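Beneath this line is the structure, given in structure tokens, with notes to follow.
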Amino acid sequence: MLNSLHVVYHNVNHSPQHTHYILEQCAAMNVDVVCLQEPWYGPLRPIPSASPTGPAERTRDNMLYGTQLHPAWTLVENCKDARVVCHVNRRLANAVISVDSTVKHRDCMLLLVRLRPEHDPTVILNLYNDVNNAAVRYLADISETLPPIDVMGGDYNTHAQLWDPTYPADSQARVGEVLDLHATLGMRLLSPPGVQTHFPHREGLRSTVIDLVWVPNDRDEALYRISVKPEERGLSDHAVIHVRIPTGEWSFQGAPTIAPESEAEASFIAAISASVLASFPELPHLNTAEELQEATDRLFNCITDAWNRNASPRTICNKSRLWWDGSCSEARDNLLRARARLAVARAQRPDLVQAARAAVHTAYNQLKSAIRKRRRQHMDERIRYVAEQQR
């Protein structure tokens, strides 16, 4: 079981190449949430003229407009051309990810990550503060409506003695607005003072501290860990900031489940039958409320015991797919066996290579067919579920 969340804050300087580099790097480090400032937005790919995309997602030359995507991450954004976005690792497939609608501004967003159904969501605020203090002023105006925040950070573009003792501070008014906001929200500075986070590309300019992270001031400092990594910044002039924040216990494993038409399902049904026969050698008397309750409790215990003995949790990874089932696994295994036979034929029986290649081709087509069929079935099941049970 885990009890913390790994969050990264970083300004990517509107670079799609660097964004891809950072997402690749963070995926390799098993980061849970990446909060980016100044993401790139632009044309991604051509789209048909009849595609039902919104006007904000289409350019005049029929190109899909948006920001960087990555197969290991789920993009979460407030709006197009936002100056902050978040990427949530697909390993958190069991978590419920949402955006708090209280914050409606292109320079800040409030990400909610509910790691377990019984937990309160972990609240992460991502912020880009421009020269006009727009994000800070906006948050100050709505501070009374904000939920308790677990961590907030980003590019503040503000110099102050509190976090950069050796650099001349900005105006008292600008610094005061930043400090007043965090005092109102009950947040304290987690960033280590004097550790530079901004390294200008232009020669002759000093390194400064403008990327900051704040956490609730009523929680133990030992629960948090922060590290500033300028060596990971790549093409950007901002350091990568890693933060670990405390959460309740959670796991990447999904809830215990039994696959349909599996041996575990047959064993589950058989266990229920045997347990019910043992618990009810004769038909129970159901003449009173007490007798009915006792019989119901015994029946529930039979089912629960059979479930606990046969169900197993699912492990979620970047390649997990909700529609994958036993038919897909069987077709994949057949393809792997056919490829293994082809390798043996190449090494030992050249006369059988052509037949082995044909077998690989057939197994490959069968795998594609199984995947297409199972995905269609899964979508039909989801549509029926939404139509019939989520009214």
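By order of appearance in the structure tokens: chains A, B, ..., then residues from 1 within every chain, and ligands from 1 in the order shown.
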Hey, which bits of region 65-163 of chain A sit within 12 Å of region 319-330 of chain A, and for each residue what's the closest pair of atoms and how far apart in Å (one decimal), counting only C-alpha atoms, rows by chain and increasing number, as a tab-separated table?
residue	atom	partner	partner_atom	distance
A:Pro71	CA	A:Lys319	CA	9.1
A:Ala72	CA	A:Lys319	CA	8.4
A:Trp73	CA	A:Lys319	CA	11.2
A:Asn89	CA	A:Lys319	CA	11.5
A:Arg90	CA	A:Lys319	CA	8.5
A:Arg91	CA	A:Ser320	CA	8.5
A:Leu92	CA	A:Ser320	CA	10.8
A:Ala93	CA	A:Ser320	CA	8.6
A:Asn94	CA	A:Leu322	CA	11.1
Output C-alpha atoms for every residue in that selection, as a compact mmCIF listing (two decimals), in the first residue's frame.
# COMPACT_ATOMS: atom_id res chain seq x y z
CA PRO A 71 0.23 7.48 -24.27
CA ALA A 72 1.39 7.11 -20.65
CA TRP A 73 -0.53 10.16 -19.43
CA ASN A 89 -0.25 8.92 -14.97
CA ARG A 90 -2.44 6.21 -16.50
CA ARG A 91 -1.25 3.88 -13.73
CA LEU A 92 -3.81 5.71 -11.58
CA ALA A 93 -6.60 4.01 -13.52
CA ASN A 94 -8.52 3.29 -10.30
Mind listing the helix (DSSP H, G or I) residues of region 159-332 of chain A, per DSSP on the backbone, as a PDB file with N, CA, C and O atoms, in the first residue's frame?
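Saved to part-v4.pdb:
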ATOM      1  N   GLN A 172       6.619  45.879  -2.991  1.00  0.00           N
ATOM      2  CA  GLN A 172       5.930  45.380  -1.808  1.00  0.00           C
ATOM      3  C   GLN A 172       4.489  45.001  -2.122  1.00  0.00           C
ATOM      4  O   GLN A 172       3.950  44.050  -1.540  1.00  0.00           O
ATOM      5  N   ALA A 173       3.866  45.729  -3.043  1.00  0.00           N
ATOM      6  CA  ALA A 173       2.480  45.430  -3.387  1.00  0.00           C
ATOM      7  C   ALA A 173       2.364  44.045  -4.023  1.00  0.00           C
ATOM      8  O   ALA A 173       1.488  43.246  -3.659  1.00  0.00           O
ATOM      9  N   ARG A 174       3.265  43.733  -4.988  1.00  0.00           N
ATOM     10  CA  ARG A 174       3.207  42.434  -5.670  1.00  0.00           C
ATOM     11  C   ARG A 174       3.508  41.294  -4.697  1.00  0.00           C
ATOM     12  O   ARG A 174       2.770  40.302  -4.632  1.00  0.00           O
ATOM     13  N   VAL A 175       4.593  41.431  -3.939  1.00  0.00           N
ATOM     14  CA  VAL A 175       4.958  40.390  -2.977  1.00  0.00           C
ATOM     15  C   VAL A 175       3.867  40.255  -1.914  1.00  0.00           C
ATOM     16  O   VAL A 175       3.504  39.143  -1.505  1.00  0.00           O
ATOM     17  N   GLY A 176       3.315  41.382  -1.477  1.00  0.00           N
ATOM     18  CA  GLY A 176       2.265  41.345  -0.460  1.00  0.00           C
ATOM     19  C   GLY A 176       1.037  40.596  -0.930  1.00  0.00           C
ATOM     20  O   GLY A 176       0.411  39.851  -0.152  1.00  0.00           O
ATOM     21  N   GLU A 177       0.670  40.755  -2.205  1.00  0.00           N
ATOM     22  CA  GLU A 177      -0.488  40.027  -2.731  1.00  0.00           C
ATOM     23  C   GLU A 177      -0.253  38.523  -2.713  1.00  0.00           C
ATOM     24  O   GLU A 177      -1.155  37.738  -2.387  1.00  0.00           O
ATOM     25  N   VAL A 178       0.972  38.104  -3.056  1.00  0.00           N
ATOM     26  CA  VAL A 178       1.301  36.668  -3.038  1.00  0.00           C
ATOM     27  C   VAL A 178       1.230  36.128  -1.612  1.00  0.00           C
ATOM     28  O   VAL A 178       0.608  35.080  -1.349  1.00  0.00           O
ATOM     29  N   LEU A 179       1.847  36.824  -0.668  1.00  0.00           N
ATOM     30  CA  LEU A 179       1.863  36.353   0.716  1.00  0.00           C
ATOM     31  C   LEU A 179       0.470  36.393   1.338  1.00  0.00           C
ATOM     32  O   LEU A 179       0.091  35.477   2.086  1.00  0.00           O
ATOM     33  N   ASP A 180      -0.297  37.420   1.034  1.00  0.00           N
ATOM     34  CA  ASP A 180      -1.656  37.516   1.596  1.00  0.00           C
ATOM     35  C   ASP A 180      -2.539  36.375   1.102  1.00  0.00           C
ATOM     36  O   ASP A 180      -3.350  35.826   1.858  1.00  0.00           O
ATOM     37  N   LEU A 181      -2.395  36.018  -0.183  1.00  0.00           N
ATOM     38  CA  LEU A 181      -3.203  34.920  -0.719  1.00  0.00           C
ATOM     39  C   LEU A 181      -2.935  33.631   0.037  1.00  0.00           C
ATOM     40  O   LEU A 181      -3.874  32.944   0.466  1.00  0.00           O
ATOM     41  N   HIS A 182      -1.652  33.304   0.228  1.00  0.00           N
ATOM     42  CA  HIS A 182      -1.329  32.039   0.873  1.00  0.00           C
ATOM     43  C   HIS A 182      -1.636  32.059   2.359  1.00  0.00           C
ATOM     44  O   HIS A 182      -1.975  31.015   2.942  1.00  0.00           O
ATOM     45  N   ALA A 183      -1.559  33.203   2.984  1.00  0.00           N
ATOM     46  CA  ALA A 183      -1.978  33.310   4.383  1.00  0.00           C
ATOM     47  C   ALA A 183      -3.478  33.072   4.495  1.00  0.00           C
ATOM     48  O   ALA A 183      -3.947  32.386   5.425  1.00  0.00           O
ATOM     49  N   THR A 184      -4.248  33.613   3.562  1.00  0.00           N
ATOM     50  CA  THR A 184      -5.693  33.405   3.563  1.00  0.00           C
ATOM     51  C   THR A 184      -6.049  31.941   3.361  1.00  0.00           C
ATOM     52  O   THR A 184      -6.987  31.413   3.987  1.00  0.00           O
ATOM     53  N   LEU A 185      -5.297  31.251   2.499  1.00  0.00           N
ATOM     54  CA  LEU A 185      -5.560  29.839   2.223  1.00  0.00           C
ATOM     55  C   LEU A 185      -4.947  28.908   3.265  1.00  0.00           C
ATOM     56  O   LEU A 185      -5.156  27.692   3.196  1.00  0.00           O
ATOM     57  N   GLU A 221       5.675  18.974   8.946  1.00  0.00           N
ATOM     58  CA  GLU A 221       6.644  19.162   7.861  1.00  0.00           C
ATOM     59  C   GLU A 221       7.266  17.839   7.427  1.00  0.00           C
ATOM     60  O   GLU A 221       7.660  17.684   6.261  1.00  0.00           O
ATOM     61  N   ALA A 222       7.367  16.882   8.359  1.00  0.00           N
ATOM     62  CA  ALA A 222       8.005  15.608   8.028  1.00  0.00           C
ATOM     63  C   ALA A 222       7.204  14.790   7.017  1.00  0.00           C
ATOM     64  O   ALA A 222       7.732  13.837   6.429  1.00  0.00           O
ATOM     65  N   LEU A 223       5.939  15.153   6.788  1.00  0.00           N
ATOM     66  CA  LEU A 223       5.104  14.410   5.854  1.00  0.00           C
ATOM     67  C   LEU A 223       5.426  14.741   4.396  1.00  0.00           C
ATOM     68  O   LEU A 223       5.005  14.029   3.493  1.00  0.00           O
ATOM     69  N   PRO A 230      17.552  21.066 -11.173  1.00  0.00           N
ATOM     70  CA  PRO A 230      17.887  21.841 -12.377  1.00  0.00           C
ATOM     71  C   PRO A 230      18.508  20.980 -13.473  1.00  0.00           C
ATOM     72  O   PRO A 230      18.397  21.306 -14.659  1.00  0.00           O
ATOM     73  N   GLU A 231      19.154  19.873 -13.097  1.00  0.00           N
ATOM     74  CA  GLU A 231      19.799  19.025 -14.096  1.00  0.00           C
ATOM     75  C   GLU A 231      18.784  18.276 -14.967  1.00  0.00           C
ATOM     76  O   GLU A 231      19.144  17.728 -16.019  1.00  0.00           O
ATOM     77  N   GLU A 232      17.513  18.262 -14.576  1.00  0.00           N
ATOM     78  CA  GLU A 232      16.480  17.574 -15.353  1.00  0.00           C
ATOM     79  C   GLU A 232      15.723  18.506 -16.291  1.00  0.00           C
ATOM     80  O   GLU A 232      14.804  18.071 -16.975  1.00  0.00           O
ATOM     81  N   GLU A 263     -12.355 -19.966 -14.878  1.00  0.00           N
ATOM     82  CA  GLU A 263     -12.363 -21.042 -13.882  1.00  0.00           C
ATOM     83  C   GLU A 263     -12.721 -20.489 -12.506  1.00  0.00           C
ATOM     84  O   GLU A 263     -13.398 -21.167 -11.722  1.00  0.00           O
ATOM     85  N   ALA A 264     -12.267 -19.262 -12.228  1.00  0.00           N
ATOM     86  CA  ALA A 264     -12.593 -18.653 -10.928  1.00  0.00           C
ATOM     87  C   ALA A 264     -14.100 -18.440 -10.789  1.00  0.00           C
ATOM     88  O   ALA A 264     -14.654 -18.612  -9.692  1.00  0.00           O
ATOM     89  N   GLU A 265     -14.781 -18.086 -11.889  1.00  0.00           N
ATOM     90  CA  GLU A 265     -16.229 -17.897 -11.824  1.00  0.00           C
ATOM     91  C   GLU A 265     -16.938 -19.221 -11.534  1.00  0.00           C
ATOM     92  O   GLU A 265     -17.867 -19.285 -10.704  1.00  0.00           O
ATOM     93  N   ALA A 266     -16.494 -20.288 -12.210  1.00  0.00           N
ATOM     94  CA  ALA A 266     -17.098 -21.605 -11.953  1.00  0.00           C
ATOM     95  C   ALA A 266     -16.868 -22.040 -10.510  1.00  0.00           C
ATOM     96  O   ALA A 266     -17.773 -22.578  -9.845  1.00  0.00           O
ATOM     97  N   SER A 267     -15.658 -21.803 -10.005  1.00  0.00           N
ATOM     98  CA  SER A 267     -15.347 -22.151  -8.623  1.00  0.00           C
ATOM     99  C   SER A 267     -16.173 -21.317  -7.648  1.00  0.00           C
ATOM    100  O   SER A 267     -16.631 -21.819  -6.615  1.00  0.00           O
ATOM    101  N   PHE A 268     -16.391 -20.045  -7.982  1.00  0.00           N
ATOM    102  CA  PHE A 268     -17.195 -19.147  -7.147  1.00  0.00           C
ATOM    103  C   PHE A 268     -18.634 -19.653  -7.042  1.00  0.00           C
ATOM    104  O   PHE A 268     -19.198 -19.747  -5.940  1.00  0.00           O
ATOM    105  N   ILE A 269     -19.217 -20.034  -8.171  1.00  0.00           N
ATOM    106  CA  ILE A 269     -20.596 -20.522  -8.155  1.00  0.00           C
ATOM    107  C   ILE A 269     -20.699 -21.841  -7.389  1.00  0.00           C
ATOM    108  O   ILE A 269     -21.629 -22.060  -6.599  1.00  0.00           O
ATOM    109  N   ALA A 270     -19.712 -22.733  -7.605  1.00  0.00           N
ATOM    110  CA  ALA A 270     -19.720 -24.016  -6.897  1.00  0.00           C
ATOM    111  C   ALA A 270     -19.566 -23.810  -5.387  1.00  0.00           C
ATOM    112  O   ALA A 270     -20.213 -24.509  -4.586  1.00  0.00           O
ATOM    113  N   ALA A 271     -18.734 -22.863  -4.998  1.00  0.00           N
ATOM    114  CA  ALA A 271     -18.533 -22.597  -3.569  1.00  0.00           C
ATOM    115  C   ALA A 271     -19.809 -22.051  -2.928  1.00  0.00           C
ATOM    116  O   ALA A 271     -20.137 -22.406  -1.783  1.00  0.00           O
ATOM    117  N   ILE A 272     -20.537 -21.204  -3.652  1.00  0.00           N
ATOM    118  CA  ILE A 272     -21.804 -20.693  -3.116  1.00  0.00           C
ATOM    119  C   ILE A 272     -22.796 -21.833  -2.918  1.00  0.00           C
ATOM    120  O   ILE A 272     -23.448 -21.951  -1.875  1.00  0.00           O
ATOM    121  N   SER A 273     -22.895 -22.703  -3.923  1.00  0.00           N
ATOM    122  CA  SER A 273     -23.842 -23.827  -3.835  1.00  0.00           C
ATOM    123  C   SER A 273     -23.522 -24.721  -2.647  1.00  0.00           C
ATOM    124  O   SER A 273     -24.418 -25.097  -1.870  1.00  0.00           O
ATOM    125  N   ALA A 274     -22.226 -25.084  -2.495  1.00  0.00           N
ATOM    126  CA  ALA A 274     -21.839 -25.961  -1.383  1.00  0.00           C
ATOM    127  C   ALA A 274     -22.084 -25.294  -0.039  1.00  0.00           C
ATOM    128  O   ALA A 274     -22.569 -25.928   0.912  1.00  0.00           O
ATOM    129  N   SER A 275     -21.756 -24.003   0.056  1.00  0.00           N
ATOM    130  CA  SER A 275     -21.919 -23.301   1.327  1.00  0.00           C
ATOM    131  C   SER A 275     -23.391 -23.141   1.689  1.00  0.00           C
ATOM    132  O   SER A 275     -23.775 -23.282   2.861  1.00  0.00           O
ATOM    133  N   VAL A 276     -24.240 -22.868   0.708  1.00  0.00           N
ATOM    134  CA  VAL A 276     -25.679 -22.719   0.983  1.00  0.00           C
ATOM    135  C   VAL A 276     -26.271 -24.047   1.429  1.00  0.00           C
ATOM    136  O   VAL A 276     -27.076 -24.094   2.378  1.00  0.00           O
ATOM    137  N   LEU A 277     -25.882 -25.144   0.772  1.00  0.00           N
ATOM    138  CA  LEU A 277     -26.388 -26.456   1.180  1.00  0.00           C
ATOM    139  C   LEU A 277     -25.964 -26.800   2.606  1.00  0.00           C
ATOM    140  O   LEU A 277     -26.731 -27.399   3.379  1.00  0.00           O
ATOM    141  N   ALA A 278     -24.724 -26.422   2.970  1.00  0.00           N
ATOM    142  CA  ALA A 278     -24.253 -26.708   4.324  1.00  0.00           C
ATOM    143  C   ALA A 278     -24.935 -25.814   5.362  1.00  0.00           C
ATOM    144  O   ALA A 278     -25.189 -26.255   6.492  1.00  0.00           O
ATOM    145  N   SER A 279     -25.238 -24.583   4.993  1.00  0.00           N
ATOM    146  CA  SER A 279     -25.841 -23.639   5.944  1.00  0.00           C
ATOM    147  C   SER A 279     -27.344 -23.831   6.082  1.00  0.00           C
ATOM    148  O   SER A 279     -27.926 -23.480   7.121  1.00  0.00           O
ATOM    149  N   ALA A 289     -39.711 -11.366  11.375  1.00  0.00           N
ATOM    150  CA  ALA A 289     -38.653 -10.504  10.861  1.00  0.00           C
ATOM    151  C   ALA A 289     -37.288 -10.992  11.323  1.00  0.00           C
ATOM    152  O   ALA A 289     -36.298 -10.923  10.574  1.00  0.00           O
ATOM    153  N   GLU A 290     -37.206 -11.540  12.542  1.00  0.00           N
ATOM    154  CA  GLU A 290     -35.932 -12.030  13.063  1.00  0.00           C
ATOM    155  C   GLU A 290     -35.447 -13.251  12.279  1.00  0.00           C
ATOM    156  O   GLU A 290     -34.252 -13.373  11.958  1.00  0.00           O
ATOM    157  N   GLU A 291     -36.383 -14.152  11.956  1.00  0.00           N
ATOM    158  CA  GLU A 291     -35.999 -15.324  11.181  1.00  0.00           C
ATOM    159  C   GLU A 291     -35.560 -14.937   9.762  1.00  0.00           C
ATOM    160  O   GLU A 291     -34.592 -15.505   9.222  1.00  0.00           O
ATOM    161  N   LEU A 292     -36.242 -13.984   9.173  1.00  0.00           N
ATOM    162  CA  LEU A 292     -35.858 -13.529   7.843  1.00  0.00           C
ATOM    163  C   LEU A 292     -34.472 -12.875   7.862  1.00  0.00           C
ATOM    164  O   LEU A 292     -33.644 -13.127   6.973  1.00  0.00           O
ATOM    165  N   GLN A 293     -34.205 -12.070   8.889  1.00  0.00           N
ATOM    166  CA  GLN A 293     -32.905 -11.424   8.998  1.00  0.00           C
ATOM    167  C   GLN A 293     -31.797 -12.439   9.201  1.00  0.00           C
ATOM    168  O   GLN A 293     -30.714 -12.334   8.594  1.00  0.00           O
ATOM    169  N   GLU A 294     -32.044 -13.451  10.020  1.00  0.00           N
ATOM    170  CA  GLU A 294     -31.026 -14.470  10.266  1.00  0.00           C
ATOM    171  C   GLU A 294     -30.711 -15.248   8.989  1.00  0.00           C
ATOM    172  O   GLU A 294     -29.546 -15.507   8.665  1.00  0.00           O
ATOM    173  N   ALA A 295     -31.757 -15.604   8.229  1.00  0.00           N
ATOM    174  CA  ALA A 295     -31.539 -16.352   6.987  1.00  0.00           C
ATOM    175  C   ALA A 295     -30.789 -15.500   5.966  1.00  0.00           C
ATOM    176  O   ALA A 295     -29.886 -15.988   5.265  1.00  0.00           O
ATOM    177  N   THR A 296     -31.143 -14.212   5.890  1.00  0.00           N
ATOM    178  CA  THR A 296     -30.458 -13.310   4.962  1.00  0.00           C
ATOM    179  C   THR A 296     -28.987 -13.172   5.322  1.00  0.00           C
ATOM    180  O   THR A 296     -28.113 -13.170   4.444  1.00  0.00           O
ATOM    181  N   ASP A 297     -28.691 -13.042   6.616  1.00  0.00           N
ATOM    182  CA  ASP A 297     -27.300 -12.919   7.059  1.00  0.00           C
ATOM    183  C   ASP A 297     -26.493 -14.163   6.717  1.00  0.00           C
ATOM    184  O   ASP A 297     -25.338 -14.071   6.271  1.00  0.00           O
ATOM    185  N   ARG A 298     -27.085 -15.327   6.907  1.00  0.00           N
ATOM    186  CA  ARG A 298     -26.366 -16.557   6.589  1.00  0.00           C
ATOM    187  C   ARG A 298     -26.095 -16.669   5.081  1.00  0.00           C
ATOM    188  O   ARG A 298     -25.010 -17.085   4.655  1.00  0.00           O
ATOM    189  N   LEU A 299     -27.101 -16.316   4.279  1.00  0.00           N
ATOM    190  CA  LEU A 299     -26.921 -16.357   2.833  1.00  0.00           C
ATOM    191  C   LEU A 299     -25.846 -15.359   2.390  1.00  0.00           C
ATOM    192  O   LEU A 299     -24.996 -15.674   1.548  1.00  0.00           O
ATOM    193  N   PHE A 300     -25.855 -14.166   2.979  1.00  0.00           N
ATOM    194  CA  PHE A 300     -24.841 -13.160   2.639  1.00  0.00           C
ATOM    195  C   PHE A 300     -23.449 -13.652   3.014  1.00  0.00           C
ATOM    196  O   PHE A 300     -22.490 -13.458   2.252  1.00  0.00           O
ATOM    197  N   ASN A 301     -23.316 -14.302   4.166  1.00  0.00           N
ATOM    198  CA  ASN A 301     -22.012 -14.833   4.589  1.00  0.00           C
ATOM    199  C   ASN A 301     -21.522 -15.915   3.632  1.00  0.00           C
ATOM    200  O   ASN A 301     -20.320 -16.011   3.356  1.00  0.00           O
ATOM    201  N   CYS A 302     -22.435 -16.716   3.096  1.00  0.00           N
ATOM    202  CA  CYS A 302     -22.045 -17.746   2.122  1.00  0.00           C
ATOM    203  C   CYS A 302     -21.453 -17.112   0.868  1.00  0.00           C
ATOM    204  O   CYS A 302     -20.404 -17.543   0.358  1.00  0.00           O
ATOM    205  N   ILE A 303     -22.131 -16.086   0.372  1.00  0.00           N
ATOM    206  CA  ILE A 303     -21.666 -15.430  -0.850  1.00  0.00           C
ATOM    207  C   ILE A 303     -20.353 -14.699  -0.603  1.00  0.00           C
ATOM    208  O   ILE A 303     -19.423 -14.757  -1.417  1.00  0.00           O
ATOM    209  N   THR A 304     -20.257 -13.999   0.527  1.00  0.00           N
ATOM    210  CA  THR A 304     -19.044 -13.245   0.844  1.00  0.00           C
ATOM    211  C   THR A 304     -17.836 -14.161   0.970  1.00  0.00           C
ATOM    212  O   THR A 304     -16.752 -13.867   0.450  1.00  0.00           O
ATOM    213  N   ASP A 305     -18.026 -15.283   1.657  1.00  0.00           N
ATOM    214  CA  ASP A 305     -16.919 -16.225   1.827  1.00  0.00           C
ATOM    215  C   ASP A 305     -16.470 -16.788   0.474  1.00  0.00           C
ATOM    216  O   ASP A 305     -15.263 -16.889   0.200  1.00  0.00           O
ATOM    217  N   ALA A 306     -17.409 -17.132  -0.397  1.00  0.00           N
ATOM    218  CA  ALA A 306     -17.048 -17.655  -1.722  1.00  0.00           C
ATOM    219  C   ALA A 306     -16.341 -16.590  -2.547  1.00  0.00           C
ATOM    220  O   ALA A 306     -15.379 -16.892  -3.279  1.00  0.00           O
ATOM    221  N   TRP A 307     -16.795 -15.346  -2.449  1.00  0.00           N
ATOM    222  CA  TRP A 307     -16.148 -14.256  -3.194  1.00  0.00           C
ATOM    223  C   TRP A 307     -14.711 -14.044  -2.721  1.00  0.00           C
ATOM    224  O   TRP A 307     -13.792 -13.916  -3.530  1.00  0.00           O
ATOM    225  N   ASN A 308     -14.513 -13.997  -1.417  1.00  0.00           N
ATOM    226  CA  ASN A 308     -13.169 -13.749  -0.878  1.00  0.00           C
ATOM    227  C   ASN A 308     -12.189 -14.855  -1.249  1.00  0.00           C
ATOM    228  O   ASN A 308     -10.984 -14.603  -1.380  1.00  0.00           O
ATOM    229  N   ARG A 309     -12.687 -16.065  -1.438  1.00  0.00           N
ATOM    230  CA  ARG A 309     -11.798 -17.173  -1.767  1.00  0.00           C
ATOM    231  C   ARG A 309     -11.472 -17.253  -3.257  1.00  0.00           C
ATOM    232  O   ARG A 309     -10.487 -17.889  -3.635  1.00  0.00           O
ATOM    233  N   ASN A 310     -12.265 -16.609  -4.099  1.00  0.00           N
ATOM    234  CA  ASN A 310     -12.073 -16.749  -5.546  1.00  0.00           C
ATOM    235  C   ASN A 310     -11.732 -15.461  -6.278  1.00  0.00           C
ATOM    236  O   ASN A 310     -11.175 -15.508  -7.374  1.00  0.00           O
ATOM    237  N   GLY A 326     -10.227 -12.825 -21.789  1.00  0.00           N
ATOM    238  CA  GLY A 326      -9.544 -14.083 -22.055  1.00  0.00           C
ATOM    239  C   GLY A 326      -9.379 -14.401 -23.527  1.00  0.00           C
ATOM    240  O   GLY A 326      -8.371 -15.001 -23.932  1.00  0.00           O
ATOM    241  N   SER A 327     -10.347 -14.003 -24.355  1.00  0.00           N
ATOM    242  CA  SER A 327     -10.228 -14.274 -25.795  1.00  0.00           C
ATOM    243  C   SER A 327      -9.051 -13.511 -26.402  1.00  0.00           C
ATOM    244  O   SER A 327      -8.341 -14.036 -27.273  1.00  0.00           O
ATOM    245  N   CYS A 328      -8.839 -12.282 -25.921  1.00  0.00           N
ATOM    246  CA  CYS A 328      -7.691 -11.504 -26.406  1.00  0.00           C
ATOM    247  C   CYS A 328      -6.378 -12.145 -25.947  1.00  0.00           C
ATOM    248  O   CYS A 328      -5.415 -12.221 -26.718  1.00  0.00           O
ATOM    249  N   SER A 329      -6.341 -12.592 -24.704  1.00  0.00           N
ATOM    250  CA  SER A 329      -5.122 -13.233 -24.183  1.00  0.00           C
ATOM    251  C   SER A 329      -4.812 -14.510 -24.950  1.00  0.00           C
ATOM    252  O   SER A 329      -3.648 -14.791 -25.278  1.00  0.00           O
ATOM    253  N   GLU A 330      -5.852 -15.300 -25.247  1.00  0.00           N
ATOM    254  CA  GLU A 330      -5.638 -16.543 -25.978  1.00  0.00           C
ATOM    255  C   GLU A 330      -5.106 -16.261 -27.388  1.00  0.00           C
ATOM    256  O   GLU A 330      -4.164 -16.932 -27.852  1.00  0.00           O
ATOM    257  N   ALA A 331      -5.682 -15.253 -28.065  1.00  0.00           N
ATOM    258  CA  ALA A 331      -5.208 -14.913 -29.408  1.00  0.00           C
ATOM    259  C   ALA A 331      -3.776 -14.380 -29.372  1.00  0.00           C
ATOM    260  O   ALA A 331      -2.973 -14.692 -30.259  1.00  0.00           O
ATOM    261  N   ARG A 332      -3.453 -13.594 -28.346  1.00  0.00           N
ATOM    262  CA  ARG A 332      -2.079 -13.102 -28.214  1.00  0.00           C
ATOM    263  C   ARG A 332      -1.104 -14.253 -27.985  1.00  0.00           C
ATOM    264  O   ARG A 332      -0.015 -14.297 -28.592  1.00  0.00           O
TER     265      ARG A 332
END
Can you tell me, as number ranges by chain, which residues in region 95-126 of chain A count as strand (DSSP E) by DSSP?
A: 96-99, 108-114, 122-126
If you count only C-alpha atoms, the residue of A:Ala370, A:Val33, A:Ala338, A:Leu212 closest to Arg357 (chain A) turns out to be A:Ala338
Problem - Within 9 Å of region 134-151 of chain A using only C-alpha atoms, minus same-chain residues under 3 positions, as an NGL selection string - result: :A and (102-103 or 105-108 or 110 or 122-131 or 156 or 177-178 or 180-182 or 184-187 or 213-216 or 243 or 245-246)
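Nearest residue to Val99 (chain A), choosing from A:Arg114, A:Arg83, A:Arg384, A:His14 and counting only C-alpha atoms: A:Arg114.
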If you count only C-alpha atoms, the residue of A:Asn132, A:Asn157, A:Thr247, A:Ser369 closest to His198 (chain A) turns out to be A:Asn157
task: Using only C-alpha atoms, determine which residues lie at most 12 Å from Leu336 (chain A), disregarding the query and same-chain residues fewer than 2 positions distant; provide the list as number ranges by chain.
output: A: 329-334, 338-343, 359-364, 367
In Å and to one decimal, CA of Ile241 (chain A) is distant from CA of Gly42 (chain A) by 25.9 Å
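Distance annotation: of A:Ser236, A:Asn287, A:Ser312, A:Asn3, the residue with the minimal separation from Ala255 (chain A) is A:Ser312; atom set is only C-alpha atoms.
Each of A:Ile47, A:Cys26, A:Met379, A:Leu75 was compared to Asn62 (chain A) using only C-alpha atoms, and A:Ile47 turns out to be the nearest.
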